[in-house]
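What follows is upload-v9.cif (mmCIF, C-alpha atoms).
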data_target
#
loop_
_atom_site.label_atom_id
_atom_site.label_comp_id
_atom_site.auth_asym_id
_atom_site.auth_seq_id
_atom_site.Cartn_x
_atom_site.Cartn_y
_atom_site.Cartn_z
CA MET A 1 121.94 78.74 121.84
CA SER A 2 124.60 76.68 123.56
CA ARG A 3 123.52 73.58 125.43
CA ARG A 4 126.15 71.80 127.45
CA ARG A 5 126.03 68.02 127.43
CA GLY A 6 123.88 66.75 130.27
CA LEU A 7 125.04 64.69 133.24
CA ASP A 8 124.07 61.28 131.93
CA SER A 9 126.30 59.07 134.05
CA PHE A 10 127.90 59.04 137.47
CA ASP A 11 131.24 59.82 135.81
CA ASP A 12 129.67 62.97 134.32
CA PHE A 13 128.35 63.92 137.76
CA ARG A 14 131.74 63.34 139.36
CA ASP A 15 133.54 65.42 136.74
CA ALA A 16 131.12 68.30 137.30
CA ALA A 17 131.37 68.02 141.08
CA VAL A 18 135.16 68.22 141.15
CA ALA A 19 135.35 71.17 138.74
CA TYR A 20 136.05 73.35 141.81
CA ARG A 21 139.67 72.18 141.83
CA LEU A 22 141.13 74.49 139.20
CA PRO A 23 139.31 77.62 140.47
CA ARG A 24 140.64 76.87 143.97
CA ILE A 25 144.17 76.61 142.55
CA LEU A 26 143.76 79.96 140.78
CA PHE A 27 142.46 81.71 143.89
CA THR A 28 145.30 80.29 146.00
CA ALA A 29 147.82 81.70 143.51
CA LEU A 30 146.14 85.10 143.76
CA GLU A 31 145.99 84.98 147.56
CA LEU A 32 149.73 84.27 147.64
CA ASN A 33 150.37 87.18 145.22
CA LEU A 34 152.27 84.63 143.17
CA PHE A 35 151.97 86.35 139.79
CA THR A 36 152.89 89.75 141.25
CA VAL A 37 155.98 88.38 142.98
CA MET A 38 157.08 86.45 139.90
CA GLY A 39 156.69 89.39 137.51
CA ALA A 40 158.70 88.82 134.34
CA ARG A 41 161.55 86.94 136.07
CA THR A 42 162.34 83.25 135.78
CA TRP A 43 162.25 81.33 139.06
CA THR A 44 163.14 77.98 140.55
CA VAL A 45 160.62 76.61 143.01
CA PRO A 46 162.94 76.91 146.05
CA GLU A 47 163.73 80.55 145.21
CA LEU A 48 160.09 81.44 144.75
CA ALA A 49 159.02 79.49 147.84
CA LYS A 50 161.49 81.47 149.94
CA GLN A 51 160.19 84.74 148.51
CA LEU A 52 156.56 83.78 149.11
CA ARG A 53 157.30 82.18 152.51
CA VAL A 54 155.60 78.91 151.60
CA SER A 55 156.74 75.29 151.41
CA SER A 56 158.68 74.14 148.37
CA ARG A 57 156.59 70.97 148.21
CA GLY A 58 153.28 72.84 148.16
CA LEU A 59 154.54 75.43 145.68
CA ALA A 60 155.96 72.82 143.32
CA ILE A 61 152.56 71.14 143.06
CA LEU A 62 150.78 74.50 142.71
CA CYS A 63 153.13 75.74 139.97
CA ARG A 64 152.88 72.49 138.06
CA ASN A 65 149.11 72.90 137.93
CA LEU A 66 149.32 76.58 136.98
CA ALA A 67 151.64 75.61 134.14
CA SER A 68 149.27 72.90 132.92
CA ALA A 69 146.47 75.50 133.02
CA GLY A 70 148.52 77.84 130.83
CA LEU A 71 149.29 80.61 133.35
CA LEU A 72 152.94 79.66 133.86
CA LYS A 73 155.55 78.37 131.43
CA LYS A 74 157.84 75.60 132.60
CA ARG A 75 161.25 74.68 131.20
CA GLY A 76 163.04 72.05 133.22
CA ALA A 77 163.10 73.29 136.82
CA LEU A 78 162.35 76.91 135.83
CA TYR A 79 159.04 78.75 135.80
CA ARG A 80 157.97 82.11 134.39
CA THR A 81 154.63 83.84 133.88
CA THR A 82 152.66 84.02 130.66
CA VAL A 83 151.56 87.39 129.24
CA LEU A 84 148.13 87.09 130.89
CA ALA A 85 149.58 86.24 134.29
CA ASN A 86 152.09 89.08 134.10
CA THR A 87 149.49 91.70 133.15
CA ALA A 88 145.89 91.16 134.26
CA LEU A 89 146.96 89.08 137.29
CA ASN A 90 150.03 91.12 138.30
CA ALA A 91 149.30 93.92 140.76
CA ARG A 92 152.30 95.88 139.49
CA SER A 93 151.00 95.96 135.92
CA PRO A 94 148.91 98.88 134.57
CA ALA A 95 146.63 96.21 133.05
CA TYR A 96 145.91 94.58 136.44
CA ARG A 97 142.25 93.62 136.93
CA GLY A 98 142.50 93.64 140.70
CA ALA A 99 139.01 94.86 141.59
CA TYR A 100 137.35 92.16 139.52
CA LEU A 101 139.72 89.49 140.82
CA ASP A 102 138.91 90.54 144.39
CA LEU A 103 135.20 90.28 143.59
CA LEU A 104 135.63 86.74 142.26
CA ARG A 105 137.76 85.70 145.22
CA GLY A 106 135.21 87.07 147.66
CA GLN A 107 132.44 85.07 146.03
CA TRP A 108 134.19 81.78 146.76
CA GLU A 109 133.02 81.80 150.37
CA ASP A 110 129.63 83.26 149.49
CA TRP A 111 128.88 80.42 147.08
CA SER A 112 129.61 77.96 149.86
CA LYS A 113 126.52 79.41 151.59
CA LEU A 114 124.19 78.60 148.70
CA THR A 115 122.28 75.95 150.66
CA GLU A 116 121.39 78.57 153.25
CA SER A 117 120.26 81.00 150.56
CA VAL A 118 118.07 78.39 148.89
CA ARG A 119 116.42 77.61 152.23
CA ARG A 120 115.79 81.26 153.03
CA GLY A 121 115.24 82.61 149.52
CA ARG A 122 117.46 85.50 150.59
CA PRO A 123 121.02 86.59 149.85
CA VAL A 124 123.93 85.70 152.06
CA GLU A 125 125.31 88.35 154.36
CA HIS A 126 127.59 90.69 152.46
CA ASP A 127 128.70 94.31 152.30
CA ASP A 128 126.06 97.04 152.25
CA PRO A 129 125.65 98.08 148.59
CA ASP A 130 125.35 101.69 149.74
CA ASP A 131 128.66 101.52 151.61
CA LEU A 132 131.04 103.87 149.80
CA LYS A 133 134.04 101.55 150.00
CA TYR A 134 132.03 98.60 148.68
CA ARG A 135 130.43 100.65 145.90
CA ARG A 136 133.79 101.97 144.75
CA ALA A 137 135.36 98.50 144.65
CA PHE A 138 132.33 97.01 142.89
CA THR A 139 132.26 99.79 140.29
CA TRP A 140 135.93 99.27 139.45
CA ALA A 141 135.27 95.52 139.22
CA MET A 142 132.51 96.14 136.67
CA HIS A 143 134.89 98.31 134.64
CA HIS A 144 137.53 95.57 134.68
CA ARG A 145 134.89 93.05 133.61
CA SER A 146 133.58 95.06 130.64
CA SER A 147 136.59 97.03 129.42
CA ASP A 148 137.40 94.50 126.69
CA VAL A 149 133.81 93.68 125.74
CA ALA A 150 132.33 97.20 125.57
CA PRO A 151 134.29 98.34 122.47
CA GLN A 152 133.29 95.13 120.65
CA VAL A 153 129.62 95.75 121.38
CA ALA A 154 129.86 99.46 120.54
CA ALA A 155 131.32 98.54 117.15
CA GLN A 156 128.07 96.71 116.28
CA VAL A 157 125.55 99.28 117.47
CA ASN A 158 124.74 101.84 114.78
CA LEU A 159 124.32 105.23 116.45
CA LYS A 160 124.35 107.22 113.22
CA GLY A 161 122.26 110.33 113.76
CA VAL A 162 122.02 109.72 117.53
CA ARG A 163 123.01 112.79 119.51
CA THR A 164 122.23 111.77 123.10
CA LEU A 165 122.60 108.47 124.98
CA LEU A 166 121.76 107.62 128.59
CA ASP A 167 123.76 104.79 130.18
CA LEU A 168 121.18 103.85 132.81
CA GLY A 169 122.72 102.17 135.84
CA GLY A 170 125.98 102.42 133.94
CA GLY A 171 128.33 102.40 136.95
CA PRO A 172 131.82 103.22 135.68
CA GLY A 173 130.48 104.42 132.32
CA THR A 174 132.53 101.82 130.45
CA TYR A 175 129.90 101.32 127.78
CA ALA A 176 129.09 105.01 127.49
CA LEU A 177 132.77 105.74 126.89
CA ALA A 178 132.96 102.98 124.26
CA PHE A 179 130.01 104.53 122.41
CA LEU A 180 131.58 107.99 122.65
CA ALA A 181 134.88 106.72 121.28
CA ARG A 182 133.16 105.48 118.11
CA ASN A 183 130.72 108.36 117.63
CA PRO A 184 132.32 111.84 117.65
CA ALA A 185 128.96 113.67 117.48
CA LEU A 186 127.50 111.77 120.44
CA ARG A 187 127.05 113.08 123.96
CA ALA A 188 126.37 110.54 126.70
CA THR A 189 125.18 110.62 130.30
CA VAL A 190 125.85 107.91 132.85
CA CYS A 191 123.24 107.54 135.60
CA ASP A 192 123.97 105.74 138.85
CA ARG A 193 124.79 106.20 142.55
CA PRO A 194 127.14 109.09 143.39
CA ALA A 195 129.90 106.70 144.55
CA ALA A 196 129.79 104.88 141.21
CA LEU A 197 129.86 108.15 139.28
CA LYS A 198 132.98 109.19 141.15
CA VAL A 199 134.76 106.17 139.64
CA ALA A 200 133.28 106.99 136.23
CA ARG A 201 134.77 110.49 136.43
CA GLU A 202 138.20 109.04 137.25
CA ILE A 203 138.05 106.67 134.28
CA ALA A 204 136.83 109.35 131.88
CA ALA A 205 139.21 112.11 133.03
CA PRO A 206 142.30 111.15 130.94
CA LEU A 207 140.24 110.38 127.81
CA LYS A 208 139.59 113.03 125.19
CA HIS A 209 136.16 111.61 124.41
CA GLY A 210 135.49 111.49 128.17
CA ARG A 211 134.81 115.24 127.98
CA ARG A 212 131.52 114.40 126.28
CA LEU A 213 130.35 112.29 129.22
CA ASP A 214 127.90 113.81 131.72
CA TYR A 215 126.91 112.41 135.10
CA LEU A 216 123.44 112.00 136.63
CA PRO A 217 123.27 110.87 140.28
CA LEU A 218 119.79 109.41 140.62
CA ASP A 219 117.83 106.53 142.13
CA PHE A 220 116.16 105.76 138.81
CA MET A 221 114.04 103.00 140.31
CA SER A 222 112.09 105.47 142.43
CA ARG A 223 112.42 108.80 140.62
CA LEU A 224 111.60 110.10 137.16
CA ILE A 225 114.52 110.48 134.78
CA PRO A 226 114.98 114.12 133.78
CA GLY A 227 115.50 115.05 130.16
CA ARG A 228 115.05 113.07 126.95
CA TYR A 229 117.52 110.89 125.08
CA ASP A 230 117.72 109.34 121.64
CA VAL A 231 118.96 106.05 123.10
CA ILE A 232 118.81 104.54 126.60
CA TRP A 233 121.39 101.81 127.21
CA TYR A 234 120.32 99.40 130.00
CA SER A 235 123.14 96.90 130.36
CA ASN A 236 123.57 94.31 133.11
CA VAL A 237 120.95 95.94 135.31
CA LEU A 238 117.75 94.05 134.48
CA HIS A 239 118.85 91.01 136.51
CA ILE A 240 119.32 93.04 139.71
CA TYR A 241 115.60 93.73 140.07
CA SER A 242 112.32 91.83 140.30
CA PRO A 243 109.83 91.62 137.41
CA ALA A 244 107.60 94.17 139.14
CA GLN A 245 110.47 96.62 139.57
CA ASN A 246 111.57 96.28 135.95
CA LYS A 247 108.00 96.67 134.70
CA ALA A 248 107.58 99.86 136.72
CA LEU A 249 110.81 101.25 135.29
CA PHE A 250 109.83 100.35 131.72
CA ARG A 251 106.57 102.28 132.13
CA ARG A 252 108.57 105.41 132.98
CA LEU A 253 111.20 105.11 130.26
CA PRO A 254 109.19 106.20 127.18
CA SER A 255 108.91 109.70 128.68
CA ALA A 256 112.73 109.83 128.83
CA LEU A 257 113.07 109.00 125.12
CA THR A 258 112.75 111.30 122.14
CA PRO A 259 110.13 110.36 119.49
CA GLY A 260 111.45 107.25 117.76
CA GLY A 261 114.01 106.79 120.52
CA ARG A 262 115.34 103.35 121.40
CA LEU A 263 115.87 101.36 124.57
CA LEU A 264 118.71 98.82 124.25
CA ILE A 265 118.87 96.08 126.87
CA GLN A 266 121.87 93.78 127.32
CA ASP A 267 121.51 91.06 129.91
CA ALA A 268 121.88 87.37 130.73
CA PHE A 269 118.71 86.39 128.90
CA VAL A 270 117.26 82.89 129.03
CA LEU A 271 116.51 81.98 125.42
CA ASP A 272 114.41 78.81 125.38
CA ARG A 273 110.78 78.32 126.35
CA ASN A 274 111.57 76.04 129.28
CA GLY A 275 114.01 78.54 130.77
CA LEU A 276 117.00 76.18 130.78
CA TYR A 277 119.46 77.67 128.29
CA PRO A 278 122.01 79.15 128.00
CA GLN A 279 123.28 77.45 131.13
CA GLU A 280 125.37 80.51 132.00
CA ALA A 281 122.16 82.56 132.35
CA ASN A 282 120.83 80.06 134.90
CA LEU A 283 124.11 79.97 136.79
CA PHE A 284 124.04 83.74 136.96
CA ALA A 285 120.55 83.55 138.47
CA VAL A 286 122.21 81.78 141.41
CA THR A 287 124.54 84.76 141.79
CA MET A 288 121.46 86.98 141.99
CA LEU A 289 120.00 84.74 144.71
CA LEU A 290 123.21 85.07 146.70
CA PHE A 291 123.67 88.83 146.31
CA THR A 292 120.34 90.57 145.66
CA GLU A 293 117.00 90.73 147.44
CA GLU A 294 114.80 90.04 144.41
CA GLY A 295 117.05 89.70 141.35
CA ASN A 296 116.95 86.91 138.78
CA THR A 297 117.62 86.25 135.10
CA TYR A 298 114.71 86.51 132.69
CA GLY A 299 113.56 85.15 129.37
CA VAL A 300 113.58 87.16 126.17
CA GLY A 301 109.87 86.45 125.78
CA ASP A 302 108.95 87.68 129.26
CA THR A 303 111.04 90.84 128.90
CA THR A 304 109.52 91.52 125.48
CA GLU A 305 106.04 91.25 126.99
CA TRP A 306 106.94 93.70 129.76
CA LEU A 307 108.20 96.20 127.20
CA ARG A 308 105.09 95.95 125.06
CA GLU A 309 102.88 96.37 128.13
CA ALA A 310 104.89 99.52 128.93
CA GLY A 311 103.96 101.01 125.55
CA PHE A 312 107.00 100.28 123.40
CA GLY A 313 105.82 99.85 119.84
CA ARG A 314 108.44 97.54 118.40
CA VAL A 315 110.62 95.03 120.22
CA ARG A 316 113.17 92.78 118.58
CA ARG A 317 116.15 90.67 119.55
CA VAL A 318 119.50 91.60 118.04
CA LYS A 319 122.16 88.90 118.01
CA LEU A 320 125.72 90.15 118.20
CA ARG A 321 128.64 88.34 116.64
CA ASP A 322 129.55 85.24 118.63
CA GLY A 323 131.86 85.98 121.53
CA THR A 324 131.52 89.76 121.34
CA GLY A 325 128.82 90.50 123.92
CA ASP A 326 128.63 90.19 127.67
CA TRP A 327 126.16 87.33 127.24
CA GLU A 328 125.07 84.87 124.58
CA GLY A 329 121.59 86.39 124.28
CA GLY A 330 122.75 89.61 122.64
CA LEU A 331 120.49 92.63 122.91
CA LEU A 332 116.82 93.52 123.03
CA GLU A 333 115.86 96.69 121.17
CA ALA A 334 112.59 98.46 121.97
CA CYS A 335 111.43 101.55 120.11
CA ARG A 336 109.25 104.24 121.58
CA SER A 337 107.25 104.43 118.37
CA ASN A 338 106.61 102.07 115.47
CA GLU A 339 109.38 103.64 113.44
CA ARG A 340 111.74 101.16 111.86
CA PRO A 341 114.77 100.58 114.14
CA ASN A 342 118.28 101.25 112.91
CA ARG A 343 120.29 98.31 111.62
CA TYR A 344 123.32 96.93 113.38
CA ARG A 345 126.74 96.40 111.93
CA GLY A 346 127.81 92.78 111.75
CA SER A 347 124.70 91.40 113.43
CA ARG A 348 121.66 89.34 112.56
CA ALA A 349 118.35 90.66 113.84
CA ARG A 350 115.45 88.38 114.65
CA ARG A 351 111.99 89.33 115.81
CA SER A 352 111.20 87.97 119.22
#
As structure tokens - that is how I would like this structure written.
Amino acid sequence: MSRRRGLDSFDDFRDAAVAYRLPRILFTALELNLFTVMGARTWTVPELAKQLRVSSRGLAILCRNLASAGLLKKRGALYRTTVLANTALNARSPAYRGAYLDLLRGQWEDWSKLTESVRRGRPVEHDDPDDLKYRRAFTWAMHHRSSDVAPQVAAQVNLKGVRTLLDLGGGPGTYALAFLARNPALRATVCDRPAALKVAREIAAPLKHGRRLDYLPLDFMSRLIPGRYDVIWYSNVLHIYSPAQNKALFRRLPSALTPGGRLLIQDAFVLDRNGLYPQEANLFAVTMLLFTEEGNTYGVGDTTEWLREAGFGRVRRVKLRDGTGDWEGGLLEACRSNERPNRYRGSRARRS
């Protein structure tokens, strides 16, 4: 597991404290629509400043920093965008990740309210998660976040012989679609709020393998899941809920699995006994404090215990290839029975 070097001196503390500078530069560029306006053209600072209606002095300093960060290329007095800036950050590009960028930008102010959240133990004020506009934007943001990662994960999960998969809390169905793309005999169902499923339908519609995706609108935290599936995929949902809520769900899941069926959990797991690493898992716990009523990030050991208490016969951790999962912790696999779980391509399995 990765452990970042600790803050051992005041210089270390200072460097960590001023790390906000580059993110603020990036968000300012996005708020000015700088990458969209620039497109693939080459610009001088005065020309671009006139187009953006900003000062040449301010823009010159901003562009210099964006170039040093690798988002712009500078030759003499001329600037142009890099491939990343002209695609994922350009609103005119088909590859634009706008929903996810908007989510990140919105969190800038919310993180400034962390002190209040720590005092109250409650999230900051934010949009109602049941609001249709918010749910649609959030679902698209989750698709933009996972669209590159999902195929890499799907390539390592062996679904040979699996006919049915439930993407539980799957939002846009990004993972379900990645599994379908690799497994022609598979049929998948994505379960979530109706507003999220509407986005999932839009994403799946132009895809040939999207015809094998079904949709289940359901509050799975309070209602039984109809039907039975060979595999239940529970990705990036565990952290939204409290231990009690997750335990209650786990007790209901065996009845939604076929004999020998598997539950696969991907989340921001804490991996060490003291609950300190990976650091990203702890930082993400702060996000849960700011945006959920009871969410948190949990240890592999604790989650394994919950699964065993719920009646799962075999639980193991599966480590994906470095840099290919949403999180460093990889996956937890829990089997409904004591049957030997399937192996994974390109991964190293370790018992928890």
Test item: the PyMOL selection byres ((chain A and resi 222) around 12) resolved as a tab-separated table (two decimals) with C-alpha atoms, keeping the file's coordinate frame:
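As written to disk, result-v6.tsv reads:
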chain	number	residue	atom	x	y	z
A	218	LEU	CA	119.79	109.41	140.62
A	219	ASP	CA	117.83	106.53	142.13
A	220	PHE	CA	116.16	105.76	138.81
A	221	MET	CA	114.04	103.00	140.31
A	223	ARG	CA	112.42	108.80	140.62
A	224	LEU	CA	111.60	110.10	137.16
A	225	ILE	CA	114.52	110.48	134.78
A	245	GLN	CA	110.47	96.62	139.57
A	246	ASN	CA	111.57	96.28	135.95
A	248	ALA	CA	107.58	99.86	136.72
A	249	LEU	CA	110.81	101.25	135.29
A	252	ARG	CA	108.57	105.41	132.98
*Residue contacts of A:Tyr298 (9 Å, only C-alpha atoms) excluding same-chain residues fewer than 6 positions away, as a list in words*: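 In the requested form, the answer reads Leu238, His239, Pro243, Asp267, Ala268, Phe269, Val270, Leu271, Gly275, Ala281 and Ala285 of chain A.
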*Just the residues within 10 Å of A:Ala95, please, counting all atoms listed in the file, with nothing from its chain fewer than 4 positions along; format it as a PyMOL selection string.*
chain A and resi 84+86-91+144
*Report the residues retrieved by the PyMOL selection byres ((chain A and resi 11-26) around 12) from the displayed file, expressed as JSON, numbers by chain.*
{"A": [4, 5, 6, 7, 8, 9, 10, 27, 28, 29, 30, 31, 32, 33, 34, 35, 58, 59, 61, 62, 63, 64, 65, 66, 67, 68, 69, 70, 71, 72, 85, 89, 101, 104, 105, 107, 108, 109, 111, 112]}
*List the residues selected by the PyMOL selection byres ((chain A and resi 229) around 8) in the file shown, writing them as a PyMOL selection string.*
chain A and resi 164-166+227-228+230-232+256-258+261
*Can you work out which one of A:Thr81, A:Gly260, A:Asn274, A:Asp148 has the shortest atom-to-atom distance to A:Gly161, counting all atoms listed in the file?*
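Nearest to A:Gly161: A:Gly260.
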Can you list, as an mmCIF file with C-alpha atoms, keeping the file's coordinate frame, every protein, DNA or RNA residue that comes within 8 Å of A:Arg145 when you count all atoms listed in the file, leaving out same-chain residues fewer than 4 positions away?
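Written file, part-v6.cif:
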data_model
loop_
_atom_site.group_PDB
_atom_site.id
_atom_site.type_symbol
_atom_site.label_atom_id
_atom_site.label_comp_id
_atom_site.auth_asym_id
_atom_site.auth_seq_id
_atom_site.Cartn_x
_atom_site.Cartn_y
_atom_site.Cartn_z
ATOM 1 C CA TYR A 100 137.350 92.160 139.520
ATOM 2 C CA ALA A 141 135.270 95.520 139.220
ATOM 3 C CA VAL A 149 133.810 93.680 125.740
#
*Using all atoms listed in the file, can you list as a PyMOL selection string the residues within 12 Å of (131.8, 96.5, 118.9)?*
chain A and resi 146-159+175+178-179+181-183+320-326+330+344-347
*So what do you get for atom CA of A:Gly299 versus atom CA of A:Ile240, distance-wise?*
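Separation of atom CA of A:Gly299 and atom CA of A:Ile240: 14.2 Å.
Counting all atoms listed in the file and comparing A:Leu197, A:Glu328, A:Ala244, A:Ser117, the residue that lies closest to A:Glu280 is A:Glu328.
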